[in-house]
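Visitor: Contents of input.txt (compact mmCIF, C-alpha atoms and all ligand atoms) are below:
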# COMPACT_ATOMS: atom_id res chain seq x y z
CA MET A 1 -28.95 -0.20 4.76
CA THR A 2 -30.85 -2.44 7.14
CA GLU A 3 -32.07 -1.57 10.62
CA LEU A 4 -29.30 -3.77 12.00
CA ASP A 5 -26.72 -1.82 10.02
CA ILE A 6 -28.01 1.50 11.33
CA ASP A 7 -27.96 0.21 14.91
CA ALA A 8 -24.44 -1.06 14.44
CA ARG A 9 -23.11 2.26 13.21
CA THR A 10 -24.88 4.48 15.70
CA ASP A 11 -25.36 2.47 18.88
CA PRO A 12 -22.27 1.01 20.54
CA ALA A 13 -24.45 -1.49 22.41
CA HIS A 14 -25.25 -3.13 19.06
CA THR A 15 -21.79 -2.92 17.55
CA PRO A 16 -19.89 -6.20 17.26
CA TRP A 17 -16.20 -5.77 18.03
CA PHE A 18 -15.19 -6.71 14.49
CA VAL A 19 -16.81 -3.59 12.98
CA ASP A 20 -16.08 -1.29 15.93
CA GLY A 21 -13.22 1.20 16.35
CA ASN A 22 -10.32 0.47 14.04
CA PHE A 23 -11.85 -2.89 13.13
CA GLY A 24 -14.52 -0.82 11.40
CA PRO A 25 -14.26 -0.03 7.70
CA VAL A 26 -13.15 3.13 5.96
CA PHE A 27 -15.55 4.35 3.32
CA ASP A 28 -13.38 6.31 0.88
CA GLU A 29 -10.96 5.06 -1.73
CA VAL A 30 -8.05 7.48 -1.48
CA THR A 31 -4.97 8.23 -3.56
CA ASP A 32 -2.23 10.35 -2.02
CA VAL A 33 1.29 11.00 -3.28
CA ASP A 34 4.63 12.04 -1.76
CA LEU A 35 3.72 10.96 1.72
CA ARG A 36 5.11 12.60 4.85
CA VAL A 37 7.85 10.55 6.47
CA THR A 38 9.50 10.63 9.89
CA GLY A 39 12.97 9.09 9.68
CA SER A 40 14.55 7.69 6.52
CA ILE A 41 13.19 5.05 4.17
CA PRO A 42 15.98 2.60 3.25
CA PRO A 43 16.90 3.43 -0.35
CA THR A 44 17.17 -0.25 -1.24
CA LEU A 45 13.41 -0.66 -0.84
CA SER A 46 11.75 -0.24 -4.22
CA GLY A 47 8.38 -1.89 -4.49
CA ARG A 48 4.99 -2.00 -2.86
CA TYR A 49 3.74 -3.04 0.53
CA LEU A 50 0.22 -4.40 -0.04
CA ARG A 51 -2.19 -5.70 2.57
CA THR A 52 -5.87 -6.65 2.51
CA GLY A 53 -8.59 -6.88 5.12
CA SER A 54 -12.31 -7.06 5.68
CA ASN A 55 -13.99 -3.72 4.91
CA PRO A 56 -17.77 -4.11 4.57
CA PRO A 57 -19.15 -1.13 2.63
CA SER A 58 -22.39 -1.21 4.65
CA GLY A 59 -20.42 -0.95 7.89
CA MET A 60 -21.70 -4.37 8.98
CA SER A 61 -20.85 -7.97 8.22
CA SER A 62 -21.66 -11.34 9.76
CA HIS A 63 -18.07 -12.00 10.91
CA TRP A 64 -14.63 -10.36 10.90
CA PHE A 65 -13.79 -12.77 8.06
CA ALA A 66 -16.87 -11.88 5.98
CA GLY A 67 -16.50 -8.29 4.77
CA ASP A 68 -15.36 -7.28 1.29
CA GLY A 69 -11.64 -7.05 0.77
CA MET A 70 -10.00 -3.66 0.61
CA VAL A 71 -6.32 -3.55 -0.30
CA HIS A 72 -4.14 -0.81 1.18
CA GLY A 73 -0.87 -0.18 -0.60
CA VAL A 74 2.18 2.03 -0.18
CA ARG A 75 4.68 2.49 -2.99
CA LEU A 76 8.30 2.97 -1.92
CA ASP A 77 10.88 4.04 -4.46
CA ALA A 78 14.51 4.87 -3.81
CA GLY A 79 13.95 6.34 -0.38
CA ASN A 80 10.62 8.02 -1.12
CA ALA A 81 7.05 7.10 -0.22
CA ALA A 82 5.62 7.73 -3.66
CA TRP A 83 1.95 6.91 -3.01
CA TYR A 84 -0.75 5.43 -0.83
CA ARG A 85 -3.83 3.86 -2.32
CA ASN A 86 -6.73 1.88 -0.90
CA ARG A 87 -9.09 0.04 -3.23
CA TYR A 88 -11.91 -2.44 -2.94
CA VAL A 89 -11.32 -5.65 -4.82
CA GLN A 90 -14.19 -5.58 -7.30
CA THR A 91 -15.32 -9.18 -6.99
CA THR A 92 -18.75 -10.45 -7.97
CA LYS A 93 -19.56 -10.63 -4.25
CA PHE A 94 -18.68 -6.96 -3.84
CA GLU A 95 -20.56 -5.90 -6.97
CA ARG A 96 -23.69 -7.77 -5.88
CA GLY A 97 -23.52 -6.54 -2.27
CA LEU A 98 -23.59 -10.06 -0.79
CA ASP A 99 -22.46 -11.07 2.70
CA ALA A 100 -20.13 -14.05 2.87
CA SER A 101 -22.87 -16.00 4.67
CA ASP A 102 -25.13 -15.80 1.59
CA PRO A 103 -25.53 -19.28 0.00
CA GLU A 104 -24.89 -17.74 -3.42
CA VAL A 105 -21.40 -16.81 -2.26
CA MET A 106 -20.64 -20.42 -1.39
CA LEU A 107 -21.78 -21.64 -4.80
CA ASP A 108 -20.08 -19.02 -6.98
CA PRO A 109 -16.30 -19.55 -7.35
CA THR A 110 -15.83 -15.89 -8.30
CA ALA A 111 -17.68 -14.55 -5.23
CA SER A 112 -14.49 -14.05 -3.25
CA SER A 113 -14.22 -11.71 -0.31
CA ALA A 114 -10.59 -11.16 -1.43
CA ASN A 115 -9.95 -10.01 2.10
CA THR A 116 -7.33 -12.43 3.45
CA SER A 117 -4.00 -12.02 1.70
CA VAL A 118 -2.17 -10.41 -1.22
CA LEU A 119 0.84 -11.85 -2.96
CA ALA A 120 2.71 -11.72 -6.23
CA HIS A 121 3.76 -14.68 -8.33
CA ALA A 122 4.96 -14.92 -11.93
CA GLY A 123 4.73 -11.17 -12.37
CA ARG A 124 1.12 -10.95 -11.25
CA ILE A 125 -0.55 -9.76 -8.04
CA TRP A 126 -3.49 -11.62 -6.50
CA ALA A 127 -5.90 -10.84 -3.70
CA LEU A 128 -6.91 -14.09 -2.01
CA GLU A 129 -9.61 -15.57 0.19
CA GLU A 130 -9.65 -19.28 0.85
CA LEU A 131 -13.00 -20.47 -0.50
CA HIS A 132 -12.86 -18.89 -3.97
CA LEU A 133 -10.68 -18.10 -6.96
CA PRO A 134 -7.90 -15.50 -6.78
CA TYR A 135 -8.49 -12.00 -8.08
CA GLU A 136 -5.74 -10.35 -10.06
CA LEU A 137 -4.88 -6.72 -9.31
CA SER A 138 -2.90 -4.21 -11.30
CA PRO A 139 0.22 -2.72 -9.67
CA GLU A 140 -1.96 0.34 -8.95
CA LEU A 141 -4.57 -1.89 -7.21
CA ASP A 142 -7.24 -1.84 -9.91
CA THR A 143 -9.14 -5.12 -10.20
CA ILE A 144 -8.36 -7.11 -13.36
CA GLY A 145 -10.55 -10.13 -12.64
CA SER A 146 -10.81 -13.62 -11.21
CA ASP A 147 -8.37 -16.26 -12.35
CA ASP A 148 -8.98 -19.99 -12.95
CA PHE A 149 -5.72 -20.58 -14.83
CA GLY A 150 -7.26 -21.22 -18.19
CA GLY A 151 -10.08 -23.28 -16.73
CA LYS A 152 -7.68 -25.71 -15.07
CA LEU A 153 -8.41 -24.70 -11.46
CA THR A 154 -11.73 -26.21 -10.40
CA THR A 155 -11.35 -25.75 -6.64
CA ALA A 156 -10.83 -22.86 -4.29
CA PHE A 157 -7.34 -21.36 -3.86
CA THR A 158 -6.04 -20.96 -0.31
CA ALA A 159 -5.06 -17.51 0.94
CA HIS A 160 -1.81 -19.04 2.24
CA PRO A 161 0.04 -20.61 -0.68
CA LYS A 162 3.75 -21.22 -0.21
CA LEU A 163 6.26 -19.88 -2.71
CA CYS A 164 9.35 -22.06 -2.83
CA PRO A 165 12.42 -19.82 -2.80
CA GLN A 166 14.51 -22.48 -4.56
CA THR A 167 12.26 -23.62 -7.42
CA GLY A 168 9.94 -20.62 -7.78
CA GLU A 169 6.96 -22.99 -7.61
CA LEU A 170 3.83 -21.87 -5.78
CA HIS A 171 2.38 -24.76 -3.77
CA PHE A 172 -1.22 -24.41 -2.68
CA PHE A 173 -4.47 -26.21 -2.02
CA GLY A 174 -8.20 -25.75 -2.02
CA TYR A 175 -10.60 -26.99 0.62
CA SER A 176 -14.36 -27.24 0.51
CA PRO A 177 -17.36 -28.23 2.60
CA PHE A 178 -18.31 -30.41 -0.40
CA PRO A 179 -16.32 -33.27 -1.98
CA PRO A 180 -13.57 -33.18 -2.96
CA PHE A 181 -12.80 -31.80 0.48
CA LEU A 182 -9.11 -31.18 -0.22
CA THR A 183 -7.09 -30.77 -3.41
CA TYR A 184 -3.37 -30.03 -3.71
CA HIS A 185 -2.04 -27.90 -6.54
CA VAL A 186 1.22 -26.50 -7.83
CA LEU A 187 1.84 -23.52 -10.10
CA ASP A 188 5.22 -23.52 -11.82
CA ALA A 189 7.53 -20.53 -11.74
CA GLY A 190 5.82 -19.14 -14.82
CA GLY A 191 2.39 -19.27 -13.21
CA ALA A 192 1.03 -22.35 -15.06
CA LEU A 193 -1.02 -24.89 -13.11
CA VAL A 194 1.08 -28.05 -13.47
CA HIS A 195 -0.19 -30.36 -10.72
CA SER A 196 -3.57 -31.03 -9.11
CA THR A 197 -4.46 -34.05 -7.02
CA GLU A 198 -7.30 -34.83 -4.64
CA ILE A 199 -6.45 -35.87 -1.10
CA ASP A 200 -8.73 -38.06 1.00
CA VAL A 201 -9.83 -36.63 4.34
CA PRO A 202 -12.84 -37.78 6.39
CA LYS A 203 -14.76 -34.50 6.21
CA GLY A 204 -14.46 -30.95 5.04
CA THR A 205 -12.48 -28.95 7.59
CA MET A 206 -11.40 -25.32 7.67
CA MET A 207 -7.82 -25.62 6.52
CA HIS A 208 -6.60 -22.04 6.72
CA ASP A 209 -2.92 -22.52 5.97
CA PHE A 210 -0.35 -25.19 5.19
CA MET A 211 3.39 -25.74 4.96
CA ILE A 212 6.11 -26.93 2.63
CA THR A 213 9.62 -28.21 3.17
CA ARG A 214 12.28 -28.58 0.50
CA ASP A 215 10.75 -32.02 -0.19
CA HIS A 216 7.20 -32.03 1.19
CA ALA A 217 3.74 -30.50 1.25
CA ILE A 218 2.16 -30.56 4.73
CA PHE A 219 -1.58 -30.43 5.44
CA MET A 220 -3.28 -29.69 8.77
CA ASP A 221 -6.56 -31.61 9.15
CA LEU A 222 -7.83 -30.04 12.37
CA PRO A 223 -11.19 -30.23 14.14
CA ILE A 224 -12.99 -27.19 12.74
CA VAL A 225 -15.43 -29.28 10.75
CA PHE A 226 -18.21 -28.44 8.29
CA ASP A 227 -21.65 -29.87 8.99
CA LEU A 228 -24.02 -28.28 6.51
CA SER A 229 -26.97 -30.19 7.98
CA ASN A 230 -26.60 -27.98 11.05
CA LEU A 231 -28.12 -24.75 9.80
CA GLU A 232 -27.49 -22.94 13.10
CA SER A 233 -23.80 -23.73 13.15
CA PRO A 234 -22.58 -25.20 9.84
CA ILE A 235 -18.94 -25.06 10.91
CA GLY A 236 -17.38 -25.50 14.33
CA TRP A 237 -15.13 -27.42 16.71
CA ASP A 238 -15.80 -31.17 16.72
CA ASP A 239 -14.45 -33.06 19.74
CA THR A 240 -14.82 -36.35 17.90
CA TYR A 241 -12.82 -35.50 14.79
CA GLY A 242 -9.28 -35.73 16.14
CA ALA A 243 -6.37 -33.88 14.56
CA ARG A 244 -3.73 -35.03 12.14
CA ILE A 245 -0.94 -33.75 9.98
CA GLY A 246 -0.47 -35.11 6.47
CA ILE A 247 3.03 -35.10 4.99
CA MET A 248 3.48 -35.97 1.34
CA PRO A 249 6.24 -35.56 -1.19
CA ARG A 250 5.96 -32.43 -3.26
CA MET A 251 4.10 -33.14 -6.51
CA GLY A 252 2.85 -36.32 -4.84
CA ALA A 253 -0.58 -37.93 -4.87
CA ASN A 254 -3.02 -39.20 -2.26
CA ALA A 255 -1.33 -42.61 -2.03
CA ASP A 256 1.94 -40.90 -1.02
CA ILE A 257 0.64 -39.02 2.01
CA ARG A 258 1.40 -40.11 5.58
CA TRP A 259 -0.87 -38.96 8.37
CA PHE A 260 0.38 -38.32 11.91
CA GLU A 261 -2.02 -37.95 14.84
CA ILE A 262 -1.50 -34.91 17.08
CA ASP A 263 -3.28 -33.48 20.10
CA PRO A 264 -6.41 -31.64 18.95
CA CYS A 265 -5.80 -27.93 18.48
CA TYR A 266 -6.20 -25.25 15.86
CA VAL A 267 -3.47 -23.53 13.88
CA PHE A 268 -4.31 -20.55 11.75
CA HIS A 269 -0.69 -19.82 10.92
CA PRO A 270 2.47 -21.84 10.92
CA LEU A 271 5.71 -19.92 11.15
CA ASN A 272 7.60 -22.30 8.86
CA ALA A 273 8.59 -25.94 8.30
CA TYR A 274 11.71 -27.74 7.10
CA VAL A 275 13.18 -31.21 6.93
CA ASP A 276 16.30 -32.20 8.88
CA ASP A 277 17.48 -35.65 7.77
CA ASN A 278 14.36 -37.77 8.31
CA VAL A 279 12.64 -35.37 10.67
CA VAL A 280 10.09 -32.83 9.53
CA VAL A 281 10.09 -29.81 11.84
CA CYS A 282 7.03 -27.52 11.96
CA ASP A 283 6.95 -24.32 14.03
CA VAL A 284 3.32 -23.25 14.34
CA GLY A 285 1.06 -20.85 16.22
CA ARG A 286 -1.03 -23.33 18.20
CA HIS A 287 -4.41 -22.50 19.72
CA ALA A 288 -5.57 -25.08 22.30
CA SER A 289 -9.03 -24.80 20.73
CA MET A 290 -10.90 -22.40 18.48
CA SER A 291 -14.42 -21.06 18.19
CA MET A 292 -15.97 -19.84 14.96
CA GLN A 293 -18.39 -17.71 17.00
CA PRO A 294 -16.81 -14.24 17.13
CA GLU A 295 -18.13 -13.52 20.63
CA VAL A 296 -16.83 -16.81 22.06
CA TYR A 297 -13.33 -16.91 23.56
CA THR A 298 -10.59 -18.59 21.55
CA PRO A 299 -7.38 -19.27 23.49
CA PRO A 300 -4.43 -17.33 22.05
CA ALA A 301 -1.67 -18.86 19.96
CA HIS A 302 1.69 -19.93 21.33
CA LEU A 303 4.65 -20.93 19.22
CA HIS A 304 4.89 -24.74 19.20
CA ARG A 305 7.37 -27.06 17.55
CA TRP A 306 6.02 -30.29 16.11
CA THR A 307 8.51 -32.87 14.91
CA PHE A 308 7.60 -35.87 12.77
CA ASP A 309 10.21 -38.62 12.43
CA LEU A 310 9.59 -40.11 9.02
CA ALA A 311 11.68 -43.19 9.86
CA SER A 312 10.22 -44.13 13.25
CA GLY A 313 6.83 -42.43 12.99
CA ALA A 314 7.46 -40.65 16.30
CA VAL A 315 5.66 -37.34 16.90
CA ASN A 316 6.79 -34.73 19.39
CA GLU A 317 4.94 -31.58 20.38
CA GLN A 318 6.53 -28.84 22.47
CA ARG A 319 5.69 -25.24 23.32
CA ILE A 320 8.76 -23.15 22.52
CA ASP A 321 7.59 -19.69 23.58
CA GLU A 322 5.36 -18.51 26.42
CA ARG A 323 4.55 -15.23 24.69
CA THR A 324 1.23 -15.27 22.84
CA HIS A 325 1.20 -13.99 19.31
CA ALA A 326 -0.58 -13.54 15.99
CA PHE A 327 0.54 -13.16 12.37
CA SER A 328 3.75 -15.20 12.39
CA ARG A 329 6.04 -14.77 9.38
CA VAL A 330 9.54 -15.72 8.31
CA ASP A 331 11.84 -14.27 5.69
CA ASP A 332 10.29 -15.38 2.38
CA ARG A 333 13.72 -16.67 1.33
CA VAL A 334 13.64 -19.43 4.00
CA VAL A 335 10.09 -20.71 3.46
CA GLY A 336 10.40 -24.50 3.61
CA LEU A 337 14.04 -24.26 4.71
CA PRO A 338 15.63 -24.05 8.17
CA HIS A 339 14.86 -20.68 9.73
CA ARG A 340 16.36 -18.79 12.62
CA TYR A 341 14.17 -15.72 12.92
CA GLY A 342 10.45 -15.19 12.97
CA TRP A 343 8.19 -12.16 13.22
CA GLY A 344 4.85 -11.72 14.93
CA VAL A 345 2.55 -9.38 16.79
CA SER A 346 2.18 -9.77 20.54
CA HIS A 347 0.51 -8.23 23.54
CA ARG A 348 2.37 -5.43 25.31
CA ASP A 349 2.49 -7.22 28.67
CA GLY A 350 3.11 -10.59 27.09
CA SER A 351 0.07 -12.21 28.63
CA GLU A 352 -2.28 -12.64 25.74
CA THR A 353 -2.84 -11.48 22.19
CA THR A 354 -6.30 -10.40 21.25
CA LEU A 355 -5.42 -7.75 18.64
CA ARG A 356 -7.95 -5.64 20.53
CA GLU A 357 -5.32 -4.19 22.87
CA PRO A 358 -2.15 -2.21 22.09
CA GLY A 359 0.68 -4.49 21.05
CA VAL A 360 4.31 -4.91 20.14
CA VAL A 361 6.19 -6.51 17.29
CA VAL A 362 8.13 -9.61 18.35
CA ARG A 363 11.20 -11.09 16.69
CA TRP A 364 11.92 -14.69 17.64
CA ASP A 365 15.33 -16.32 17.44
CA VAL A 366 14.44 -20.01 17.48
CA VAL A 367 18.09 -21.07 17.49
CA THR A 368 18.87 -19.35 20.80
CA GLY A 369 15.30 -19.61 22.07
CA THR A 370 15.18 -15.88 22.72
CA GLN A 371 12.97 -13.06 21.57
CA ALA A 372 13.06 -9.31 21.24
CA THR A 373 10.22 -6.83 21.04
CA TYR A 374 9.81 -3.55 19.24
CA ASP A 375 7.70 -1.24 21.39
CA LEU A 376 5.97 1.33 19.20
CA GLY A 377 4.23 3.15 22.02
CA PRO A 378 1.39 2.61 24.49
CA ASP A 379 -1.31 3.45 21.93
CA ALA A 380 0.17 1.43 19.07
CA PHE A 381 -1.65 -1.49 17.44
CA PRO A 382 0.75 -3.19 15.03
CA SER A 383 -0.67 -5.39 12.28
CA GLU A 384 1.19 -8.16 10.49
CA PHE A 385 4.86 -7.36 9.82
CA VAL A 386 6.73 -8.83 6.88
CA PHE A 387 10.49 -9.17 6.54
CA VAL A 388 12.22 -7.69 3.49
CA GLN A 389 15.91 -8.34 2.86
CA ASP A 390 18.15 -5.33 2.34
CA ASP A 391 19.57 -6.91 -0.80
CA ASP A 392 19.71 -10.38 -2.28
CA ALA A 393 22.99 -11.16 -0.50
CA ALA A 394 21.69 -10.15 2.92
CA GLY A 395 21.49 -12.61 5.80
CA GLU A 396 18.26 -13.67 7.45
CA ASP A 397 18.18 -10.69 9.82
CA GLU A 398 19.76 -8.16 7.46
CA GLY A 399 16.83 -6.14 6.31
CA TRP A 400 13.60 -4.59 7.40
CA ALA A 401 10.31 -5.55 8.98
CA ILE A 402 7.40 -3.61 7.53
CA GLY A 403 3.79 -3.28 8.61
CA PHE A 404 0.89 -0.97 9.35
CA VAL A 405 0.54 0.44 12.85
CA TYR A 406 -2.64 2.11 14.11
CA ASN A 407 -2.13 4.92 16.62
CA ALA A 408 -5.24 4.99 18.78
CA SER A 409 -4.61 8.38 20.37
CA GLU A 410 -4.53 10.05 16.95
CA ASP A 411 -6.91 7.69 15.12
CA SER A 412 -4.26 7.46 12.41
CA SER A 413 -2.06 4.86 10.78
CA ASP A 414 1.56 4.70 9.69
CA LEU A 415 3.53 2.26 7.60
CA VAL A 416 6.41 1.47 9.95
CA ILE A 417 9.83 0.17 8.91
CA LEU A 418 11.93 -1.59 11.57
CA ASP A 419 15.59 -2.54 11.41
CA ALA A 420 15.52 -6.34 11.59
CA SER A 421 19.15 -6.51 12.69
CA ALA A 422 18.65 -4.17 15.67
CA PRO A 423 16.07 -5.87 17.88
CA GLY A 424 14.17 -3.50 20.11
CA SER A 425 15.26 -0.38 18.24
CA ASP A 426 13.02 2.51 17.28
CA PRO A 427 11.60 2.54 13.75
CA VAL A 428 13.91 3.72 10.99
CA ALA A 429 10.91 5.25 9.23
CA ARG A 430 7.27 6.03 9.84
CA ILE A 431 5.32 6.82 6.71
CA HIS A 432 2.27 8.82 7.70
CA LEU A 433 -0.86 7.78 5.82
CA PRO A 434 -3.73 10.09 4.85
CA GLN A 435 -6.32 7.93 6.63
CA ARG A 436 -6.40 5.16 9.20
CA VAL A 437 -5.94 1.61 7.96
CA PRO A 438 -8.45 -0.74 9.61
CA PHE A 439 -7.08 -3.86 11.29
CA GLY A 440 -6.84 -6.48 8.58
CA PHE A 441 -5.16 -9.71 7.75
CA HIS A 442 -2.19 -10.44 5.51
CA GLY A 443 0.02 -8.79 2.97
CA SER A 444 3.27 -8.90 1.11
CA TRP A 445 6.17 -6.84 0.03
CA VAL A 446 6.04 -6.88 -3.77
CA ASP A 447 9.49 -5.92 -4.91
CA ASP A 448 9.77 -4.14 -8.26
CA SER A 449 11.87 -7.09 -9.42
CA ALA A 450 8.85 -9.38 -8.88
CA LEU A 451 6.85 -7.42 -11.45
CA ALA A 452 9.62 -6.94 -13.99
CA GLY A 453 9.24 -8.60 -17.36
FE FE B 501 -4.35 -16.14 7.66
Please, can you express the file's structure as structure tokens?
Guide:
Amino acid sequence: MTELDIDARTDPAHTPWFVDGNFGPVFDEVTDVDLRVTGSIPPTLSGRYLRTGSNPPSGMSSHWFAGDGMVHGVRLDAGNAAWYRNRYVQTTKFERGLDASDPEVMLDPTASSANTSVLAHAGRIWALEELHLPYELSPELDTIGSDDFGGKLTTAFTAHPKLCPQTGELHFFGYSPFPPFLTYHVLDAGGALVHSTEIDVPKGTMMHDFMITRDHAIFMDLPIVFDLSNLESPIGWDDTYGARIGIMPRMGANADIRWFEIDPCYVFHPLNAYVDDNVVVCDVGRHASMSMQPEVYTPPAHLHRWTFDLASGAVNEQRIDERTHAFSRVDDRVVGLPHRYGWGVSHRDGSETTLREPGVVVRWDVVTGTQATYDLGPDAFPSEFVFVQDDDAAGEDEGWAIGFVYNASEDSSDLVILDASAPGSDPVARIHLPQRVPFGFHGSWVDDSALAG
């Protein structure tokens, strides 16, 4: 442990916010069974809620995005909370004790932080981070290993692929500070890499997420630009870069993409996109700007609707909600299709979302332009919530929203289940966890049916 690490863990004056309080890591890997529950777990939920986040084992990292990934999981089975587990993803970065800022991490495709998202596809579970290969996990969260799809994947794998609910294809991309800056890929429903094509962009930019419609893949080339000649600040906002959205047919190639200029901004997370006749509609969480320096203010995200008329070329941008938010999600069954409802985390007083203040869960209805909030108490810090349908025939709001909530007054965490069809209601279940879950990033509900066969 370095002197800086010791200062950070013992002297609040030296503690960056992203390793302080519940941003700070937990140090034990725990297994607990038959968890205590307040309320009733819906008996239709049989699967796992899995979520990853940055959990530096030294207690210190260079950035909130830089610590080693620890996956927290809760197994639900026929109304019971069967287990909780938290496990480091045993990547080469983790095993070698490297910070994400180490040049060796940039050059080694297996040196993932694995701290950004978890999802299942083709019967397998992956922990993802956007500059490296995926890491496969067992259903009990043991690390199986990195995955390059039989040597076919030669780029990074985004942490925000999009699983098409109609075809079962997983659309994704890899970006890089080095050429090729952007490559589009598709895994088929069986998990085979069936399409890879390079896309021309002027420079390497931090492309955190992307979108699909029924017919398109959509790329956000925004002005967080790599400049590796600038050793002090190799990535940051570039006023000269502009901002553009690339829309191409699914399974298309570089020659098929159309670029649309938009007002410069940053989007970590779209809510969803779809195509309506010749108009591509994208609902996104738009930041007016963004800083990569963790101590520099980044304006919060508001829900915006971009429309791109593929016939006329017209672009429209409109803010559709004044409430700031983070971690927007839709029902996985409407990804790329018209959506009505969305889920996010928002500030309690609606003014701003920092994730460093107590919050509420928000449910948007973009058809009526209204929203509802679930207030989990004045000391509650909700993390990302994901929607899970009650059964396969359920409508878009007929199910549950699930996520971790940190209770500051007790320094404890629960897995909370909300009734998606009863906006504003109290939780139907709180599953009490044996240790706090640090604030993290993204996760998934992995239904037992997704791992069958
Ligand atoms: Fe993300």
Visitor: Can you work out which one of A:Asn316, A:Asn55, A:Asn254, A:Ser328 has the shortest atom-to-atom distance to ligand FE 501 (chain B), counting all atoms listed in the file?
Guide: A:Ser328
Visitor: Go through the chains and note each residue within 7 Å of ligand FE 501 (chain B), using only C-alpha atoms and all ligand atoms, then give the set as a VMD selection string.
Guide: chain A and resid 116 159 to 160 208 to 209 268 to 269 441 to 442
Visitor: Expressed in Å to a single decimal, how great is the separation between atom CA of A:Pro16 and atom CA of A:Leu141?
Guide: 29.2 Å
Visitor: Taking all atoms listed in the file into account, which of A:Tyr88, A:Phe439, A:Tyr135, A:Phe327 comes nearest A:Phe385?
Guide: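 Under the stated criterion, the closest residue is A:Phe327.
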Visitor: For a test of reading the model, state the distance in Å between atom CA of A:Arg436 and atom CA of A:Pro299, rounded to one decimal.
Guide: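 Atom-to-atom, atom CA of A:Arg436 and atom CA of A:Pro299 are spaced 28.3 Å apart.
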Visitor: Any idea what the distance is between atom CA of A:Ala122 and atom CA of A:Arg333?
Guide: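 That distance, rounded to one decimal, is 16.0 Å.
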Visitor: Show me, as JSON, numbers by chain, the residues that have an atom within 12 Å of A:Glu130 when counting all atoms listed in the file, minus same-chain residues fewer than 3 positions from it.
Guide: {"A": [65, 66, 100, 106, 109, 110, 111, 112, 113, 114, 115, 116, 117, 118, 127, 133, 134, 135, 155, 156, 157, 158, 159, 160, 161, 172, 173, 174, 175, 176, 177, 182, 206, 207, 208, 209, 210]}
Visitor: Which residue gives the smallest distance to A:Glu317 among A:Pro264, A:Gly204, A:Gly395, A:Gly191, with all atoms listed in the file counted?
Guide: A:Pro264
Visitor: Counting only C-alpha atoms, which residues sit no farther than 12 Å from the position (-16.7, -15.4, 20.6) in the file's frame? I'd like them as a list in words.
Guide: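 Within the cut-off we find Pro16, Trp17, Phe18, His63, Trp64, Gly236, Met290, Ser291, Met292, Gln293, Pro294, Glu295, Val296, Tyr297, Thr298, Pro299 and Thr354 of chain A.
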Visitor: Put those residues in a file: C-alpha atoms, as a PDB file, in the coordinates of the input.
Guide:
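This went into result-v1.pdb:
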ATOM      1  CA  PRO A  16     -19.890  -6.200  17.260  1.00  0.00           C
ATOM      2  CA  TRP A  17     -16.200  -5.770  18.030  1.00  0.00           C
ATOM      3  CA  PHE A  18     -15.190  -6.710  14.490  1.00  0.00           C
ATOM      4  CA  HIS A  63     -18.070 -12.000  10.910  1.00  0.00           C
ATOM      5  CA  TRP A  64     -14.630 -10.360  10.900  1.00  0.00           C
ATOM      6  CA  GLY A 236     -17.380 -25.500  14.330  1.00  0.00           C
ATOM      7  CA  MET A 290     -10.900 -22.400  18.480  1.00  0.00           C
ATOM      8  CA  SER A 291     -14.420 -21.060  18.190  1.00  0.00           C
ATOM      9  CA  MET A 292     -15.970 -19.840  14.960  1.00  0.00           C
ATOM     10  CA  GLN A 293     -18.390 -17.710  17.000  1.00  0.00           C
ATOM     11  CA  PRO A 294     -16.810 -14.240  17.130  1.00  0.00           C
ATOM     12  CA  GLU A 295     -18.130 -13.520  20.630  1.00  0.00           C
ATOM     13  CA  VAL A 296     -16.830 -16.810  22.060  1.00  0.00           C
ATOM     14  CA  TYR A 297     -13.330 -16.910  23.560  1.00  0.00           C
ATOM     15  CA  THR A 298     -10.590 -18.590  21.550  1.00  0.00           C
ATOM     16  CA  PRO A 299      -7.380 -19.270  23.490  1.00  0.00           C
ATOM     17  CA  THR A 354      -6.300 -10.400  21.250  1.00  0.00           C
TER      18      THR A 354
END
Visitor: Env of stretch 245-253 of chain A: 7 Å cut, atoms = only C-alpha atoms, seq-sep filter 3 positions within chain, self excluded. Answer as a list in words.
Guide: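 So the residues in contact are His195, Thr197, Asp215, His216, Ala217, Ile218, Phe219, Met220, Asp221, Asp256, Ile257, Arg258, Trp259, Phe260 and Glu261 of chain A.
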Visitor: Rank A:Val334, A:Ala380, A:Val19, A:Leu418 by their smallest atom-to-atom distance to A:Gln166, using all atoms listed in the file, and report the top residue only.
Guide: A:Val334
Visitor: As a VMD selection string, please: the residues near A:Gly242 (cut-off 10 Å, all atoms listed in the file, same-chain neighbours under 2 positions excluded).
Guide: chain A and resid 221 to 224 238 to 240 244 261 to 265
Visitor: What's the 8 Å shell around stretch 34-38 of chain A, counting all atoms listed in the file, without same-chain residues fewer than 6 positions away, as a PyMOL selection string?
Guide: chain A and resi 80-84+429-433
Visitor: Closest to A:Val275 among A:Leu50, A:Val388, A:Leu337, A:Ala422, using only C-alpha atoms?
Guide: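 For A:Val275, the nearest of the given residues is A:Leu337.
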Visitor: Assuming 6 Å of padding per side, give the centre and edge lengths of the axis-aligned box around every listed atom of stretch 368-383 of chain A, in Å to one decimal and as AutoDock Vina command-line options.
Guide:
--center_x 8.6 --center_y -8.1 --center_z 18.4 --size_x 32.5 --size_y 35.1 --size_z 24.2
Visitor: Can you pull out every residue within 10 Å of A:Pro43, counting all atoms listed in the file, but drop anything in the same chain fewer than 6 positions away, and send it as a list in words?
Guide: Leu76, Asp77, Ala78, Gly79, Asn80 and Asp390 of chain A
